[in-house]
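One structure is given here, and the rest of the page talks about it.
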Amino acid sequence: MTVRFEELKKAADESWVGLHGQQAWIRVGSAICGEAAGSEEVIEALQGEVAKRGIKATVSIVGCLGPCYAEPLVDIITPGGSRVFYNNVTPELVPQIIEAHIANGQPDSQLAFAYEGDTAVEEVSPLYDLPMMKGQVRIAMRNAGNIDPFDINQYIANGGYAGLDRALTSMTPEEVLQEVKDSGLRGRGGAAFPTGVKWGFLVGSKSPVKYILCNCEEGDPGAFNDKGILESDPHTLIEGTIIAGYTTGASNGIVFIRHGHEGPIVKTQQAIKQAYEAGLLGKNILGTDFNFDIEVSLTGDSYVAGEETALMESIEGKRAMPRFRPPFPAAYGVWGKPSNINNIKTLAYVPEIVSKGGEWFSSIGYERSKGTAIICLSGHIQRPGMIEVPMGITINQVLYDIGGGPTPGHSLRMLQTGGPLGGVLSADKASTTLDYESMAAAGAILGSGGIIVADERTCAVNMARVLAAFCQFESCGKCFPCRLGTGHLVEVLERISRSESRPGDLELMKSVGTSMAASSLCGHGQLGYNPIQSALSYFEEDFRSHIVDGKCPTGQCSEPIIAPQRTRPHRWSAPAQGRAPLPAGRLALR
């Protein structure tokens, strides 16, 4: 039976209105951050309290709203009232909240975090007046924290699948591709390649079987936005993938998720199941002649599994190791069929671009970096969490205006951006504009959007050592420049951290890093020296303290071992990084 979008929309709207009808609606943030903070126990307490009091209320989950520091977040909306949020809720607080807000009809302003709606709540701030929410522009995260990720009707009621309907019924594939090109959307997985151009490579293939691959490997330390989207709004990915399939003439989609990320896995599988049941996947989608299928593929392999050709190897049941190129995926991809690989965030933008137009999206952002960036804040910062901000604001604005700055009593010292292959930046580089070109000029990458904040208690040598150790552990080992090079870098950094460095260690690391960049098969080895290089560039004094003074400047590294008495004097020297040389006469290790 053919299902029309108008029918789906009507049923979804009725369901949404019903949730705001004659009884209270209680929502609990239950993404990974919420569960880690105890949301499951809070849900049980809410259900028990409502049942005990005989209150008619709907208790459901939502994904991550963004302010992870406030989890577990609970919000309550009563008929005719505003939506009121309560932060850091524990099971012990549940009776007090239910008593005040539902039994007595008066939100507890002492416990309330914020409200959203036309009815003001005394002594409580509007949600989007909160520092972490103010200034955000939500596109990919538009439904995060607002809808139940297990309920397709809630997605449709909030504009979901309208972009797909427009594409299938009112636009040709060529017109959709042009909108994506006009939007200026660039890949959000790290490479920042123009999405429309990349899709165009697949359009040129006449193969009857073509694949759209959605990458949610996301093994980066400090990054959780891919998982955040799948846990909060998996249908935005499903819709974006179907549109990509229609545009490129693809027949199949595969969502690639790291094994063990149960929340994203279960919610994505359920979203796919519901899309099939609604006639949004399978044969003759929305009554058209377009057919498209999606499935989930899991990997338990290393971080390198996120590299596009290693991802395809994993899908095929092999070890996740990069392939030699050419041939490129658009010609020979998964199962030997033409394939296109996109990050989850990239595809999550597509429904809104198709609904509102490429010109609308390109009006947001900065120069060649169009749209928004989804940033994950973690480390020594007052308000860790996930935000979506327009490209072009500065890192300082993100850290201080939104994140609240470093933890009280401490000062910003360094930033680690773009995952383990990104850069280590000094505090003075926090004035850098949040866009691809400016970040690259600063010696870092925006990458997957993770920003780890470190205060004055952090040693740059230790930071570089931890990142290098991660890269060594996660190397697939296929090519020897990466397999051996990452091991050499860790060995040298271990020596330096223990103040046992040898003459020429810094030059050795530079030589190893240069070889890795020139001859490794994929970006894991090619960029493996990048965090060390940037740490040396900005925090030369930390390396000097270990090598020359025999101690860690912050005390964070292992207890230093005093090096044996040297038989000849040494002069301090760091590899040229584009900075002015140290004044003559300063000690060095050669």
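The chains in the structure tokens are called A, B, ... from first to last as shown; in each chain the residues are counted from 1, and the ligands are counted from 1 in the order shown.
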Which residues, written as a ChimeraX atom specification, have at least one atom at most 12 Å from A:Ala275, with only C-alpha atoms counted and residues fewer than 3 positions away on the same chain left out? /A:3,8,150-153,155-156,160-161,234-239,242,268-272,278-283,285-286,292-295
Name the residues of stretch 163-266 of chain A that come out as alpha helix (DSSP H) in a backbone DSSP run; write them as an MDAnalysis selection string. chainID A and resid 163:170 173:183 195:203 225:232 234:248 262:266
If we count only C-alpha atoms and set the cut-off at 8 Å, which residues sit around A:Val492, ignoring sequence neighbours fewer than 6 positions away in its own chain? Please answer as a ChimeraX atom specification. /A:501,505,509
Same residues, N, CA and C atoms, saved as an mmCIF file, in the first residue's frame:
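Contents of again25.cif, freshly written:
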data_model
loop_
_atom_site.group_PDB
_atom_site.id
_atom_site.type_symbol
_atom_site.label_atom_id
_atom_site.label_comp_id
_atom_site.auth_asym_id
_atom_site.auth_seq_id
_atom_site.Cartn_x
_atom_site.Cartn_y
_atom_site.Cartn_z
ATOM 1 N N SER A 501 66.124 11.752 28.494
ATOM 2 C CA SER A 501 66.285 11.936 27.060
ATOM 3 C C SER A 501 67.735 11.746 26.628
ATOM 4 N N ASP A 505 67.204 13.399 20.519
ATOM 5 C CA ASP A 505 65.844 12.859 20.585
ATOM 6 C C ASP A 505 64.829 13.720 19.833
ATOM 7 N N MET A 509 62.588 12.514 16.612
ATOM 8 C CA MET A 509 61.130 12.557 16.480
ATOM 9 C C MET A 509 60.715 13.290 15.216
#
Go through stretch 466-494 of chain A residue by residue and, counting only C-alpha atoms, keep those with an atom at most 10 Å from stretch 517-534 of chain A; for each kept residue give the shortest atom pair and its distance in Å to one decimal, ordered by chain and increasing number, as a Markdown table.
| residue | atom | partner | partner_atom | distance |
| --- | --- | --- | --- | --- |
| A:Leu467 | CA | A:Pro531 | CA | 7.2 |
| A:Ala468 | CA | A:Gly528 | CA | 7.2 |
| A:Phe470 | CA | A:Gly528 | CA | 9.9 |
| A:Cys471 | CA | A:Gly528 | CA | 6.7 |
| A:Gln472 | CA | A:Gly528 | CA | 8.8 |
| A:Glu474 | CA | A:His524 | CA | 8.9 |
| A:Ser475 | CA | A:His524 | CA | 7.2 |
| A:Cys476 | CA | A:His524 | CA | 9.2 |
| A:Gly477 | CA | A:Gly525 | CA | 9.9 |
| A:Lys478 | CA | A:Leu521 | CA | 8.3 |
| A:Cys479 | CA | A:Ser520 | CA | 6.4 |
| A:Phe480 | CA | A:Ser520 | CA | 7.7 |
| A:Pro481 | CA | A:Ser520 | CA | 5.5 |
| A:Cys482 | CA | A:Gly525 | CA | 4.7 |
| A:Arg483 | CA | A:Gly525 | CA | 8.1 |
| A:Leu484 | CA | A:Gly525 | CA | 10.0 |
| A:Gly485 | CA | A:Gly525 | CA | 8.0 |
| A:Thr486 | CA | A:Gly528 | CA | 7.0 |
| A:Leu489 | CA | A:Tyr529 | CA | 8.0 |
| A:Leu493 | CA | A:Ile532 | CA | 9.2 |
What is the atom CA of A:Val124 to atom CA of A:Val84 distance in Å?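 Atom CA of A:Val84 lies at a distance of 9.0 Å from atom CA of A:Val124.
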List every residue of stretch 24-140 of chain A that has an atom at most 9 Å from any atom of stretch 383-393 of chain A, giving for each one its closest atom pair and the distance in Å to one decimal, counting only C-alpha atoms, sorted by chain and then by ascending residue number, as a Markdown table.
| residue | atom | partner | partner_atom | distance |
| --- | --- | --- | --- | --- |
| A:Cys33 | CA | A:Gly385 | CA | 8.9 |
| A:Cys64 | CA | A:Met386 | CA | 8.2 |
| A:Leu65 | CA | A:Met386 | CA | 8.0 |
| A:Gly66 | CA | A:Met386 | CA | 4.5 |
| A:Pro67 | CA | A:Gly385 | CA | 4.8 |
| A:Cys68 | CA | A:Gly385 | CA | 4.5 |
| A:Tyr69 | CA | A:Pro384 | CA | 5.6 |
| A:Ala70 | CA | A:Arg383 | CA | 8.4 |
| A:Met132 | CA | A:Arg383 | CA | 7.5 |
| A:Met133 | CA | A:Ile387 | CA | 7.7 |
| A:Gly135 | CA | A:Val389 | CA | 7.0 |
| A:Gln136 | CA | A:Val389 | CA | 4.8 |
| A:Val137 | CA | A:Val389 | CA | 5.3 |
| A:Arg138 | CA | A:Glu388 | CA | 5.7 |
| A:Ile139 | CA | A:Glu388 | CA | 7.8 |
| A:Ala140 | CA | A:Glu388 | CA | 8.1 |
Since we have the selection now, will you write its residues out, keeping C-alpha atoms, as a PDB file, in the first residue's frame?
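Everything below was put into selection-v4.pdb:
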ATOM      1  CA  CYS A  33      25.924  11.494  29.323  1.00  0.00           C
ATOM      2  CA  CYS A  64      21.208  15.042  24.840  1.00  0.00           C
ATOM      3  CA  LEU A  65      20.070  18.664  24.936  1.00  0.00           C
ATOM      4  CA  GLY A  66      23.711  19.771  25.077  1.00  0.00           C
ATOM      5  CA  PRO A  67      24.609  20.903  28.615  1.00  0.00           C
ATOM      6  CA  CYS A  68      26.053  17.564  29.707  1.00  0.00           C
ATOM      7  CA  TYR A  69      27.214  19.087  33.003  1.00  0.00           C
ATOM      8  CA  ALA A  70      23.523  19.454  33.993  1.00  0.00           C
ATOM      9  CA  MET A 132      25.574  27.633  27.129  1.00  0.00           C
ATOM     10  CA  MET A 133      22.438  27.827  24.987  1.00  0.00           C
ATOM     11  CA  GLY A 135      24.106  32.098  20.575  1.00  0.00           C
ATOM     12  CA  GLN A 136      23.654  28.574  19.320  1.00  0.00           C
ATOM     13  CA  VAL A 137      22.291  27.973  15.825  1.00  0.00           C
ATOM     14  CA  ARG A 138      20.823  24.489  15.770  1.00  0.00           C
ATOM     15  CA  ILE A 139      20.523  22.698  12.462  1.00  0.00           C
ATOM     16  CA  ALA A 140      21.848  19.172  12.835  1.00  0.00           C
TER      17      ALA A 140
END
Neighbour list for stretch 225-231 of chain A as a tab-separated table (two decimals) with C-alpha atoms, in the first residue's frame, cut-off 10 Å, only C-alpha atoms, skip fewer than 6 positions in-chain:
chain	number	residue	atom	x	y	z
A	30	SER	CA	18.93	9.55	28.37
A	31	ALA	CA	21.89	9.79	26.03
A	32	ILE	CA	25.26	8.43	27.16
A	33	CYS	CA	25.92	11.49	29.32
A	62	VAL	CA	14.90	12.34	24.94
A	63	GLY	CA	18.50	12.60	23.80
A	64	CYS	CA	21.21	15.04	24.84
A	65	LEU	CA	20.07	18.66	24.94
A	66	GLY	CA	23.71	19.77	25.08
A	140	ALA	CA	21.85	19.17	12.84
A	141	MET	CA	20.96	19.34	16.55
A	142	ARG	CA	17.57	20.94	15.98
A	143	ASN	CA	15.65	18.11	17.68
A	144	ALA	CA	18.25	17.13	20.29
A	145	GLY	CA	16.67	16.97	23.72
A	148	ASP	CA	11.96	10.76	21.75
A	149	PRO	CA	14.53	9.10	19.46
A	150	PHE	CA	12.41	5.94	19.45
A	188	ARG	CA	32.28	17.20	8.91
A	189	GLY	CA	34.42	14.12	9.47
A	215	ASN	CA	30.58	6.91	9.19
A	216	CYS	CA	29.95	6.87	12.95
A	217	GLU	CA	33.11	5.11	14.03
A	218	GLU	CA	33.96	8.14	16.20
A	237	LEU	CA	20.62	10.73	9.61
A	238	ILE	CA	18.21	8.28	7.97
A	257	ILE	CA	28.89	2.31	14.15
A	258	ARG	CA	31.58	1.18	16.56
A	261	HIS	CA	28.07	2.03	21.55
A	262	GLU	CA	24.74	0.46	22.47
A	263	GLY	CA	22.63	3.61	22.67
A	264	PRO	CA	23.42	4.82	19.13
A	265	ILE	CA	23.20	1.26	17.75
A	266	VAL	CA	19.79	0.41	19.22
A	267	LYS	CA	18.26	3.79	18.39
A	268	THR	CA	19.52	3.74	14.81
A	271	ALA	CA	14.76	4.28	13.42
A	343	ASN	CA	30.22	11.54	8.26
A	344	ILE	CA	27.02	11.38	10.30
A	345	LYS	CA	27.06	15.15	10.90
A	346	THR	CA	27.41	15.89	7.20
A	348	ALA	CA	22.37	15.33	9.32
A	374	ILE	CA	29.05	20.92	16.42
A	375	ILE	CA	31.59	21.22	19.21
A	376	CYS	CA	32.22	18.87	22.12
A	385	GLY	CA	28.85	19.46	26.77
A	386	MET	CA	27.81	19.56	23.13
A	387	ILE	CA	26.95	22.77	21.28
A	388	GLU	CA	26.18	23.87	17.74
A	448	SER	CA	35.42	15.94	14.37
A	449	GLY	CA	34.74	18.90	16.66
A	450	GLY	CA	36.28	17.87	19.96
To test your reading of the structure, identify every residue in stretch 256-501 of chain A that backbone DSSP assigns to strand (DSSP E or B), and report it as an NGL selection string. :A and (256-258 or 282 or 292-299 or 339-343 or 365-366 or 369-370 or 372-379 or 381 or 385-390 or 394 or 406 or 412-417 or 424-426 or 433 or 450-455)
With only C-alpha atoms as the counted atoms, please give the residues lying no more than 6 Å from A:Gly550, apart from itself and same-chain residues fewer than 2 positions off, as a tab-separated table (two decimals) with N, CA and C atoms, in the first residue's frame.
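The result, stored in part.tsv:
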chain	number	residue	atom	x	y	z
A	499	SER	N	62.69	12.42	32.07
A	499	SER	CA	63.94	13.19	32.08
A	499	SER	C	65.13	12.30	31.82
A	546	HIS	N	62.08	19.26	31.02
A	546	HIS	CA	62.34	17.83	31.16
A	546	HIS	C	63.77	17.48	30.74
A	547	ILE	N	64.19	18.04	29.61
A	547	ILE	CA	65.47	17.64	29.02
A	547	ILE	C	66.66	18.28	29.74
A	548	VAL	N	66.53	19.55	30.05
A	548	VAL	CA	67.66	20.28	30.61
A	548	VAL	C	67.62	20.33	32.14
A	562	ILE	N	67.15	11.70	37.36
A	562	ILE	CA	68.25	12.60	36.99
A	562	ILE	C	69.17	11.88	36.01
Nearby residues (only C-alpha atoms) at most 8 Å from stretch 40-57 of chain A, same-chain spacing under 3 positions excluded, as a PDB file with C-alpha atoms, in the first residue's frame:
ATOM      1  CA  GLN A  23      -1.899  15.334  31.193  1.00  0.00           C
ATOM      2  CA  ALA A  24       1.670  16.110  32.155  1.00  0.00           C
ATOM      3  CA  TRP A  25       4.525  15.087  29.896  1.00  0.00           C
ATOM      4  CA  ILE A  26       7.829  14.287  31.607  1.00  0.00           C
ATOM      5  CA  VAL A  28      14.368  12.629  30.772  1.00  0.00           C
ATOM      6  CA  SER A  30      18.930   9.552  28.372  1.00  0.00           C
ATOM      7  CA  GLU A  35      22.893   7.495  31.640  1.00  0.00           C
ATOM      8  CA  PRO A  72      20.401  14.066  34.436  1.00  0.00           C
ATOM      9  CA  VAL A  89      18.161  15.387  39.262  1.00  0.00           C
ATOM     10  CA  THR A  90      18.591  12.449  41.635  1.00  0.00           C
ATOM     11  CA  PRO A  91      15.966   9.855  42.624  1.00  0.00           C
ATOM     12  CA  VAL A  94      11.879  13.272  42.355  1.00  0.00           C
ATOM     13  CA  PRO A  95       9.106  13.377  45.045  1.00  0.00           C
ATOM     14  CA  ILE A  98       6.476  15.955  41.340  1.00  0.00           C
TER      15      ILE A  98
END
